[in-house]
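Asks: Structure supplied as protein.pdb; contents: PDB, C-alpha atoms.
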ATOM      1  CA  ASP A1480       0.000   0.000   0.000
ATOM      2  CA  GLY A1481       1.920   2.996  -1.283
ATOM      3  CA  GLY A1482       1.859   6.374   0.302
ATOM      4  CA  ILE A1483       3.499   9.020   2.415
ATOM      5  CA  THR A1484       3.708   8.751   6.155
ATOM      6  CA  GLN A1485       4.468  11.450   8.636
ATOM      7  CA  SER A1486       5.037  10.885  12.291
ATOM      8  CA  PRO A1487       4.009  11.781  14.827
ATOM      9  CA  LYS A1488       0.571  13.273  14.172
ATOM     10  CA  TYR A1489       0.935  15.701  17.076
ATOM     11  CA  LEU A1490       4.177  16.920  18.581
ATOM     12  CA  PHE A1491       4.828  19.160  21.526
ATOM     13  CA  ARG A1492       8.167  20.750  22.322
ATOM     14  CA  LYS A1493       9.526  23.325  24.674
ATOM     15  CA  GLU A1494      10.768  26.598  23.283
ATOM     16  CA  GLY A1495      14.467  26.490  22.432
ATOM     17  CA  GLN A1496      14.542  22.800  21.567
ATOM     18  CA  ASN A1497      15.229  21.431  18.132
ATOM     19  CA  VAL A1498      12.714  18.901  16.861
ATOM     20  CA  THR A1499      12.787  16.579  13.854
ATOM     21  CA  LEU A1500       9.696  15.662  11.879
ATOM     22  CA  SER A1501       9.676  12.407   9.978
ATOM     23  CA  CYS A1502       8.537  11.895   6.398
ATOM     24  CA  GLU A1503       8.736   8.579   4.571
ATOM     25  CA  GLN A1504       7.387   7.574   1.154
ATOM     26  CA  ASN A1505       7.263   4.260  -0.647
ATOM     27  CA  LEU A1506       6.027   5.654  -3.943
ATOM     28  CA  ASN A1507       9.502   5.549  -5.487
ATOM     29  CA  HIS A1508       9.265   9.288  -6.040
ATOM     30  CA  ASP A1509      12.461  11.224  -6.602
ATOM     31  CA  ALA A1510      11.183  14.581  -5.376
ATOM     32  CA  MET A1511      10.069  15.423  -1.856
ATOM     33  CA  TYR A1512       8.876  18.639  -0.245
ATOM     34  CA  TRP A1513       8.119  20.227   3.085
ATOM     35  CA  TYR A1514       5.364  22.796   3.465
ATOM     36  CA  ARG A1515       4.062  24.734   6.383
ATOM     37  CA  GLN A1516       0.432  25.727   6.828
ATOM     38  CA  ASP A1517      -0.726  28.402   9.244
ATOM     39  CA  PRO A1518      -4.362  29.277   9.983
ATOM     40  CA  GLY A1519      -5.895  31.193   7.099
ATOM     41  CA  GLN A1520      -2.775  30.719   5.012
ATOM     42  CA  GLY A1521      -1.925  28.683   1.997
ATOM     43  CA  LEU A1522       0.868  26.179   1.972
ATOM     44  CA  ARG A1523       4.321  27.708   1.972
ATOM     45  CA  LEU A1524       7.349  25.785   0.764
ATOM     46  CA  ILE A1525      10.140  25.277   3.280
ATOM     47  CA  TYR A1526      12.557  22.958   1.476
ATOM     48  CA  TYR A1527      12.468  20.578  -1.436
ATOM     49  CA  SER A1528      14.674  17.835  -2.782
ATOM     50  CA  GLN A1529      14.658  16.478  -6.315
ATOM     51  CA  ILE A1530      17.293  13.837  -5.763
ATOM     52  CA  VAL A1531      19.124  12.060  -2.978
ATOM     53  CA  ASN A1532      21.828  14.095  -1.264
ATOM     54  CA  ASP A1533      20.561  17.320  -2.795
ATOM     55  CA  PHE A1534      17.987  19.829  -1.557
ATOM     56  CA  GLN A1535      17.008  23.425  -2.140
ATOM     57  CA  LYS A1536      15.578  26.165   0.028
ATOM     58  CA  GLY A1537      11.991  27.144  -0.491
ATOM     59  CA  ASP A1538      10.338  30.429   0.380
ATOM     60  CA  ILE A1539      10.616  30.153   4.163
ATOM     61  CA  ALA A1540      13.702  28.032   4.871
ATOM     62  CA  GLU A1541      15.092  30.136   7.709
ATOM     63  CA  GLY A1542      15.155  28.239  10.986
ATOM     64  CA  TYR A1543      14.753  24.849   9.297
ATOM     65  CA  SER A1544      17.124  22.173   8.063
ATOM     66  CA  VAL A1545      16.669  18.978   6.063
ATOM     67  CA  SER A1546      18.580  15.953   4.885
ATOM     68  CA  ARG A1547      18.020  13.505   2.052
ATOM     69  CA  GLU A1548      20.264  10.534   2.667
ATOM     70  CA  LYS A1549      17.749   8.062   1.289
ATOM     71  CA  LYS A1550      15.219   8.345  -1.506
ATOM     72  CA  GLU A1551      12.420   7.296   0.811
ATOM     73  CA  SER A1552      13.111   9.713   3.630
ATOM     74  CA  PHE A1553      13.168  13.502   3.953
ATOM     75  CA  PRO A1554      13.257  14.535   7.632
ATOM     76  CA  LEU A1555      12.741  18.160   8.613
ATOM     77  CA  THR A1556      14.404  19.688  11.667
ATOM     78  CA  VAL A1557      12.769  22.715  13.200
ATOM     79  CA  THR A1558      15.563  24.514  14.986
ATOM     80  CA  SER A1559      15.443  26.938  17.887
ATOM     81  CA  ALA A1560      16.196  29.685  15.356
ATOM     82  CA  GLN A1561      12.709  29.358  13.876
ATOM     83  CA  LYS A1562      10.790  32.230  15.455
ATOM     84  CA  ASN A1563       7.263  30.891  15.020
ATOM     85  CA  PRO A1564       7.544  27.115  14.862
ATOM     86  CA  THR A1565       3.993  26.263  15.917
ATOM     87  CA  ALA A1566       2.238  25.182  12.719
ATOM     88  CA  PHE A1567       0.906  22.292  10.684
ATOM     89  CA  TYR A1568       3.718  20.711   8.670
ATOM     90  CA  LEU A1569       3.039  18.818   5.472
ATOM     91  CA  CYS A1570       5.375  16.583   3.543
ATOM     92  CA  ALA A1571       4.765  15.793  -0.113
ATOM     93  CA  SER A1572       6.386  13.875  -2.921
ATOM     94  CA  SER A1573       6.190  13.788  -6.701
ATOM     95  CA  ILE A1574       7.633  11.602  -9.420
ATOM     96  CA  SER A1575      10.565  13.754 -10.397
ATOM     97  CA  ASP A1576      10.081  17.511 -10.162
ATOM     98  CA  PRO A1577       7.744  20.180  -8.782
ATOM     99  CA  THR A1578       5.644  20.264 -11.942
ATOM    100  CA  ASP A1579       4.475  16.714 -11.342
ATOM    101  CA  THR A1580       1.392  16.181  -9.223
ATOM    102  CA  GLN A1581       2.388  16.264  -5.589
ATOM    103  CA  TYR A1582       0.995  13.773  -3.112
ATOM    104  CA  PHE A1583       0.782  14.808   0.503
ATOM    105  CA  GLY A1584       1.227  13.031   3.780
ATOM    106  CA  PRO A1585      -1.258  13.422   6.653
ATOM    107  CA  GLY A1586       0.742  16.195   8.310
ATOM    108  CA  THR A1587       2.264  16.819  11.736
ATOM    109  CA  ARG A1588       0.871  19.438  14.085
ATOM    110  CA  LEU A1589       3.806  20.933  15.997
ATOM    111  CA  THR A1590       3.114  22.998  19.082
ATOM    112  CA  VAL A1591       5.954  24.759  20.800
ATOM    113  CA  LEU A1592       5.164  25.635  24.397
TER
ATOM    114  CA  ASP B 148       2.896  39.864  -2.837
ATOM    115  CA  GLN B 149       0.561  36.949  -3.396
ATOM    116  CA  GLN B 150       0.909  35.355  -6.802
ATOM    117  CA  VAL B 151      -2.108  33.101  -6.325
ATOM    118  CA  LYS B 152      -5.183  34.585  -4.716
ATOM    119  CA  GLN B 153      -8.345  33.006  -3.465
ATOM    120  CA  ASN B 154     -10.324  36.009  -2.373
ATOM    121  CA  SER B 155     -13.215  34.146  -0.790
ATOM    122  CA  PRO B 156     -12.161  32.556   2.479
ATOM    123  CA  SER B 157     -15.434  30.659   2.713
ATOM    124  CA  LEU B 158     -18.411  29.553   0.650
ATOM    125  CA  SER B 159     -21.677  27.968   1.722
ATOM    126  CA  VAL B 160     -23.807  26.021  -0.751
ATOM    127  CA  GLN B 161     -26.924  23.891  -0.525
ATOM    128  CA  GLU B 162     -26.613  20.211  -1.332
ATOM    129  CA  GLY B 163     -27.352  19.495  -4.983
ATOM    130  CA  ARG B 164     -26.510  23.005  -6.145
ATOM    131  CA  ILE B 165     -23.378  24.168  -7.913
ATOM    132  CA  SER B 166     -20.277  25.255  -5.988
ATOM    133  CA  ILE B 167     -17.986  27.703  -7.742
ATOM    134  CA  LEU B 168     -14.579  28.359  -6.251
ATOM    135  CA  ASN B 169     -12.471  31.106  -7.755
ATOM    136  CA  CYS B 170      -8.763  31.686  -8.064
ATOM    137  CA  ASP B 171      -6.761  34.559  -9.573
ATOM    138  CA  TYR B 172      -3.079  34.663 -10.372
ATOM    139  CA  THR B 173      -0.675  37.441 -11.202
ATOM    140  CA  ASN B 174       2.338  35.669 -12.692
ATOM    141  CA  SER B 175       1.932  35.332 -16.461
ATOM    142  CA  MET B 176       4.583  32.590 -16.479
ATOM    143  CA  PHE B 177       2.222  30.184 -14.730
ATOM    144  CA  ASP B 178       1.013  27.576 -17.173
ATOM    145  CA  TYR B 179      -0.155  24.711 -15.011
ATOM    146  CA  PHE B 180      -2.859  24.908 -12.374
ATOM    147  CA  LEU B 181      -4.123  22.466  -9.814
ATOM    148  CA  TRP B 182      -6.856  22.200  -7.235
ATOM    149  CA  TYR B 183      -6.319  20.377  -3.972
ATOM    150  CA  LYS B 184      -8.922  19.441  -1.390
ATOM    151  CA  LYS B 185      -8.065  19.352   2.279
ATOM    152  CA  TYR B 186      -9.944  18.036   5.291
ATOM    153  CA  PRO B 187      -8.997  19.293   8.773
ATOM    154  CA  ALA B 188      -5.824  17.773  10.209
ATOM    155  CA  GLU B 189      -5.128  15.886   6.977
ATOM    156  CA  GLY B 190      -2.838  16.447   4.026
ATOM    157  CA  PRO B 191      -4.271  17.933   0.819
ATOM    158  CA  THR B 192      -5.358  15.530  -1.889
ATOM    159  CA  PHE B 193      -5.048  16.287  -5.563
ATOM    160  CA  LEU B 194      -8.382  16.943  -7.221
ATOM    161  CA  ILE B 195      -7.965  18.182 -10.780
ATOM    162  CA  SER B 196      -5.500  20.096 -12.916
ATOM    163  CA  ILE B 197      -5.397  22.104 -16.125
ATOM    164  CA  SER B 198      -2.600  23.283 -18.357
ATOM    165  CA  SER B 199      -2.655  26.600 -20.137
ATOM    166  CA  ILE B 200      -3.219  24.976 -23.529
ATOM    167  CA  LYS B 201      -6.748  24.161 -22.413
ATOM    168  CA  ASP B 202      -9.575  26.285 -21.109
ATOM    169  CA  LYS B 203     -11.570  23.489 -19.532
ATOM    170  CA  ASN B 204     -10.931  20.149 -17.889
ATOM    171  CA  GLU B 205     -13.654  17.927 -16.542
ATOM    172  CA  ASP B 206     -13.535  14.947 -14.187
ATOM    173  CA  GLY B 207     -16.868  13.664 -13.005
ATOM    174  CA  ARG B 208     -18.571  16.305 -10.877
ATOM    175  CA  PHE B 209     -15.516  18.555 -11.006
ATOM    176  CA  THR B 210     -14.723  20.988 -13.809
ATOM    177  CA  VAL B 211     -11.947  23.525 -13.889
ATOM    178  CA  PHE B 212     -12.164  26.518 -16.204
ATOM    179  CA  LEU B 213      -9.178  28.645 -17.141
ATOM    180  CA  ASN B 214      -9.370  32.183 -18.507
ATOM    181  CA  LYS B 215      -5.792  33.091 -19.381
ATOM    182  CA  SER B 216      -6.519  36.635 -20.467
ATOM    183  CA  ALA B 217      -8.123  37.362 -17.116
ATOM    184  CA  LYS B 218      -5.588  35.235 -15.209
ATOM    185  CA  HIS B 219      -8.492  33.538 -13.550
ATOM    186  CA  LEU B 220      -9.528  29.962 -12.955
ATOM    187  CA  SER B 221     -12.512  28.438 -11.277
ATOM    188  CA  LEU B 222     -13.531  25.064  -9.951
ATOM    189  CA  HIS B 223     -17.134  23.988 -10.426
ATOM    190  CA  ILE B 224     -18.621  21.169  -8.395
ATOM    191  CA  VAL B 225     -21.954  19.900  -9.645
ATOM    192  CA  PRO B 226     -23.942  18.644  -7.837
ATOM    193  CA  SER B 227     -22.426  19.582  -4.508
ATOM    194  CA  GLN B 228     -22.511  16.973  -1.774
ATOM    195  CA  PRO B 229     -21.990  17.292   2.000
ATOM    196  CA  GLY B 230     -18.807  15.221   1.649
ATOM    197  CA  ASP B 231     -17.377  17.985  -0.509
ATOM    198  CA  SER B 232     -17.160  20.191   2.568
ATOM    199  CA  ALA B 233     -13.458  20.940   2.908
ATOM    200  CA  VAL B 234     -10.865  23.605   2.207
ATOM    201  CA  TYR B 235      -9.964  23.906  -1.464
ATOM    202  CA  PHE B 236      -6.553  25.192  -2.463
ATOM    203  CA  CYS B 237      -5.678  26.535  -5.854
ATOM    204  CA  ALA B 238      -2.038  26.081  -6.905
ATOM    205  CA  ALA B 239       0.001  27.212  -9.891
ATOM    206  CA  SER B 240       3.384  26.491 -11.397
ATOM    207  CA  SER B 241       5.447  26.960 -14.548
ATOM    208  CA  LEU B 242       5.888  23.731 -16.511
ATOM    209  CA  ASN B 243       8.534  25.229 -18.714
ATOM    210  CA  TYR B 244      10.853  26.095 -15.895
ATOM    211  CA  GLY B 245      12.720  23.778 -13.620
ATOM    212  CA  GLY B 246      14.107  24.339 -10.180
ATOM    213  CA  SER B 247      12.390  26.743  -7.865
ATOM    214  CA  GLN B 248      10.413  28.347 -10.672
ATOM    215  CA  GLY B 249       8.588  25.096 -11.194
ATOM    216  CA  ASN B 250       7.461  24.915  -7.595
ATOM    217  CA  LEU B 251       3.823  25.044  -6.726
ATOM    218  CA  ILE B 252       2.508  28.334  -5.396
ATOM    219  CA  PHE B 253      -0.620  27.879  -3.314
ATOM    220  CA  GLY B 254      -3.490  30.221  -2.613
ATOM    221  CA  LYS B 255      -4.786  30.642   0.933
ATOM    222  CA  GLY B 256      -7.722  28.339   0.349
ATOM    223  CA  THR B 257     -11.502  28.578   0.362
ATOM    224  CA  LYS B 258     -13.520  26.700   2.937
ATOM    225  CA  LEU B 259     -16.548  25.115   1.275
ATOM    226  CA  SER B 260     -19.521  24.093   3.383
ATOM    227  CA  VAL B 261     -22.230  22.062   1.676
ATOM    228  CA  LYS B 262     -25.414  21.994   3.708
ATOM    229  CA  PRO B 263     -27.836  19.065   3.502
TER
END
Go ahead and express the file in the form of structure tokens.
Replies:
Amino acid sequence: DGGITQSPKYLFRKEGQNVTLSCEQNLNHDAMYWYRQDPGQGLRLIYYSQIVNDFQKGDIAEGYSVSREKKESFPLTVTSAQKNPTAFYLCASSISDPTDTQYFGPGTRLTVL
Amino acid sequence: DQQVKQNSPSLSVQEGRISILNCDYTNSMFDYFLWYKKYPAEGPTFLISISSIKDKNEDGRFTVFLNKSAKHLSLHIVPSQPGDSAVYFCAASSLNYGGSQGNLIFGKGTKLSVKP
């Protein structure tokens, strides 16, 4: 059963702590993405990766970091430098590049206390 | 400056009637448009797309219309059903450009409520 998984569904962290959000896909997609959604806002691109060991900053990359060591995995670290980390984080993947249809995971709601 | 605008944050429609969701864009380089549907606390799911070589694309109850001269697209849902109640995001990209220029730009979404 192919798809994208994100874990956990809900995550709570204390201010000043780094936290890593998981994203795994078994769709054999080359490209993966991280978006952030805030209330009343559209999805904003944080980082994307079109191939293993390579990734690019999106529109709001400051305070975030990613890695792409495996094709299936694209974890996102929310660092203490991110000023407003509380948000709904969505991971997506597509066959090869951003112009392909993107398929989204269920999302992780991060709350920083 | 928003490149993709959904000016109606919400829309309420009676079951069985038509729902029309609108989207405007400012970047003339956009040539590929998509609609995503999103339920609360879930990821968006792809609904329908249209490229700029067409002015209409239909899939079952869903039809997307594109007016390039007006930089406007709309999603029509006929007939609307209570299960259609969700947030609908319009997204745009440039097929002819790779890298960051090919990335999807999303609107802020329109919350559709279909009442029984």
Asks: For segment 155-230 of chain B against segment 1519-1529 of chain A, with a cut-off of 12 Å and counting only C-alpha atoms, what is the closest atom pair and its distance in Å to one decimal for every residue that makes the cut, ordered by chain and number, as CSV?
Replies:
residue,atom,partner,partner_atom,distance
B:Ser155,CA,A:Gly1519,CA,11.2
B:Pro156,CA,A:Gly1519,CA,7.9
B:Ser157,CA,A:Gly1519,CA,10.5
B:Tyr183,CA,A:Leu1522,CA,11.0
B:Lys185,CA,A:Gly1521,CA,11.2
B:Gly190,CA,A:Leu1522,CA,10.6
B:Pro191,CA,A:Leu1522,CA,9.8
Asks: Would you save the residues of that selection, restricted to C-alpha atoms, as an mmCIF file, in the frame of the given file?
Replies:
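Printed below is out-v1.cif as written:
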data_model
loop_
_atom_site.group_PDB
_atom_site.id
_atom_site.type_symbol
_atom_site.label_atom_id
_atom_site.label_comp_id
_atom_site.auth_asym_id
_atom_site.auth_seq_id
_atom_site.Cartn_x
_atom_site.Cartn_y
_atom_site.Cartn_z
ATOM 1 C CA SER B 155 -13.215 34.146 -0.790
ATOM 2 C CA PRO B 156 -12.161 32.556 2.479
ATOM 3 C CA SER B 157 -15.434 30.659 2.713
ATOM 4 C CA TYR B 183 -6.319 20.377 -3.972
ATOM 5 C CA LYS B 185 -8.065 19.352 2.279
ATOM 6 C CA GLY B 190 -2.838 16.447 4.026
ATOM 7 C CA PRO B 191 -4.271 17.933 0.819
#
Asks: Any chance you could resolve the ChimeraX specification (/B :<9) & /A against this file and give the residues as a PDB file with C-alpha atoms, in the coordinates of the input?
Replies:
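The resulting file, selection07.pdb, is shown below:
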ATOM      1  CA  LYS A1488       0.571  13.273  14.172  1.00  0.00           C
ATOM      2  CA  GLY A1519      -5.895  31.193   7.099  1.00  0.00           C
ATOM      3  CA  GLN A1520      -2.775  30.719   5.012  1.00  0.00           C
ATOM      4  CA  GLY A1521      -1.925  28.683   1.997  1.00  0.00           C
ATOM      5  CA  LEU A1522       0.868  26.179   1.972  1.00  0.00           C
ATOM      6  CA  ARG A1523       4.321  27.708   1.972  1.00  0.00           C
ATOM      7  CA  LEU A1524       7.349  25.785   0.764  1.00  0.00           C
ATOM      8  CA  TYR A1527      12.468  20.578  -1.436  1.00  0.00           C
ATOM      9  CA  GLN A1529      14.658  16.478  -6.315  1.00  0.00           C
ATOM     10  CA  GLN A1535      17.008  23.425  -2.140  1.00  0.00           C
ATOM     11  CA  LYS A1536      15.578  26.165   0.028  1.00  0.00           C
ATOM     12  CA  GLY A1537      11.991  27.144  -0.491  1.00  0.00           C
ATOM     13  CA  PHE A1567       0.906  22.292  10.684  1.00  0.00           C
ATOM     14  CA  LEU A1569       3.039  18.818   5.472  1.00  0.00           C
ATOM     15  CA  CYS A1570       5.375  16.583   3.543  1.00  0.00           C
ATOM     16  CA  ALA A1571       4.765  15.793  -0.113  1.00  0.00           C
ATOM     17  CA  ASP A1576      10.081  17.511 -10.162  1.00  0.00           C
ATOM     18  CA  PRO A1577       7.744  20.180  -8.782  1.00  0.00           C
ATOM     19  CA  THR A1578       5.644  20.264 -11.942  1.00  0.00           C
ATOM     20  CA  ASP A1579       4.475  16.714 -11.342  1.00  0.00           C
ATOM     21  CA  THR A1580       1.392  16.181  -9.223  1.00  0.00           C
ATOM     22  CA  GLN A1581       2.388  16.264  -5.589  1.00  0.00           C
ATOM     23  CA  TYR A1582       0.995  13.773  -3.112  1.00  0.00           C
ATOM     24  CA  PHE A1583       0.782  14.808   0.503  1.00  0.00           C
ATOM     25  CA  GLY A1584       1.227  13.031   3.780  1.00  0.00           C
ATOM     26  CA  PRO A1585      -1.258  13.422   6.653  1.00  0.00           C
ATOM     27  CA  GLY A1586       0.742  16.195   8.310  1.00  0.00           C
ATOM     28  CA  THR A1587       2.264  16.819  11.736  1.00  0.00           C
ATOM     29  CA  ARG A1588       0.871  19.438  14.085  1.00  0.00           C
TER      30      ARG A1588
END
Asks: Record the distance separating atom CA of Asp231 of chain B and atom CA of Met1511 of chain A, expressed in Å with one decimal.
Replies: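 Taking atom CA of Asp231 of chain B and atom CA of Met1511 of chain A, their separation equals 27.6 Å.
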Asks: Once the PyMOL selection byres ((chain A and resi 1589) around 9) has been applied to the shown file, what residues remain in the selection, as a VMD selection string?
Replies: chain A and resid 1488 to 1492 1500 1564 to 1568 1587 to 1588 1590 to 1591
Asks: When distances are computed from only C-alpha atoms, which of A:Gln1516, A:Ser1573, A:Asn1505, A:Gln1485 shows the smallest separation from Leu1555 of chain A?
Replies: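 Of A:Gln1516, A:Ser1573, A:Asn1505, A:Gln1485, the one nearest Leu1555 of chain A is A:Gln1485, counting only C-alpha atoms.
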Asks: Would you kindly translate the PyMOL selection byres ((chain A and resi 1556) around 6) into the concrete residues it picks from this file, as a compact mmCIF listing (two decimals) with C-alpha atoms, in the frame of the given file?
Replies:
# COMPACT_ATOMS: atom_id res chain seq x y z
CA VAL A 1498 12.71 18.90 16.86
CA THR A 1499 12.79 16.58 13.85
CA TYR A 1543 14.75 24.85 9.30
CA SER A 1544 17.12 22.17 8.06
CA LEU A 1555 12.74 18.16 8.61
CA VAL A 1557 12.77 22.72 13.20
CA THR A 1558 15.56 24.51 14.99
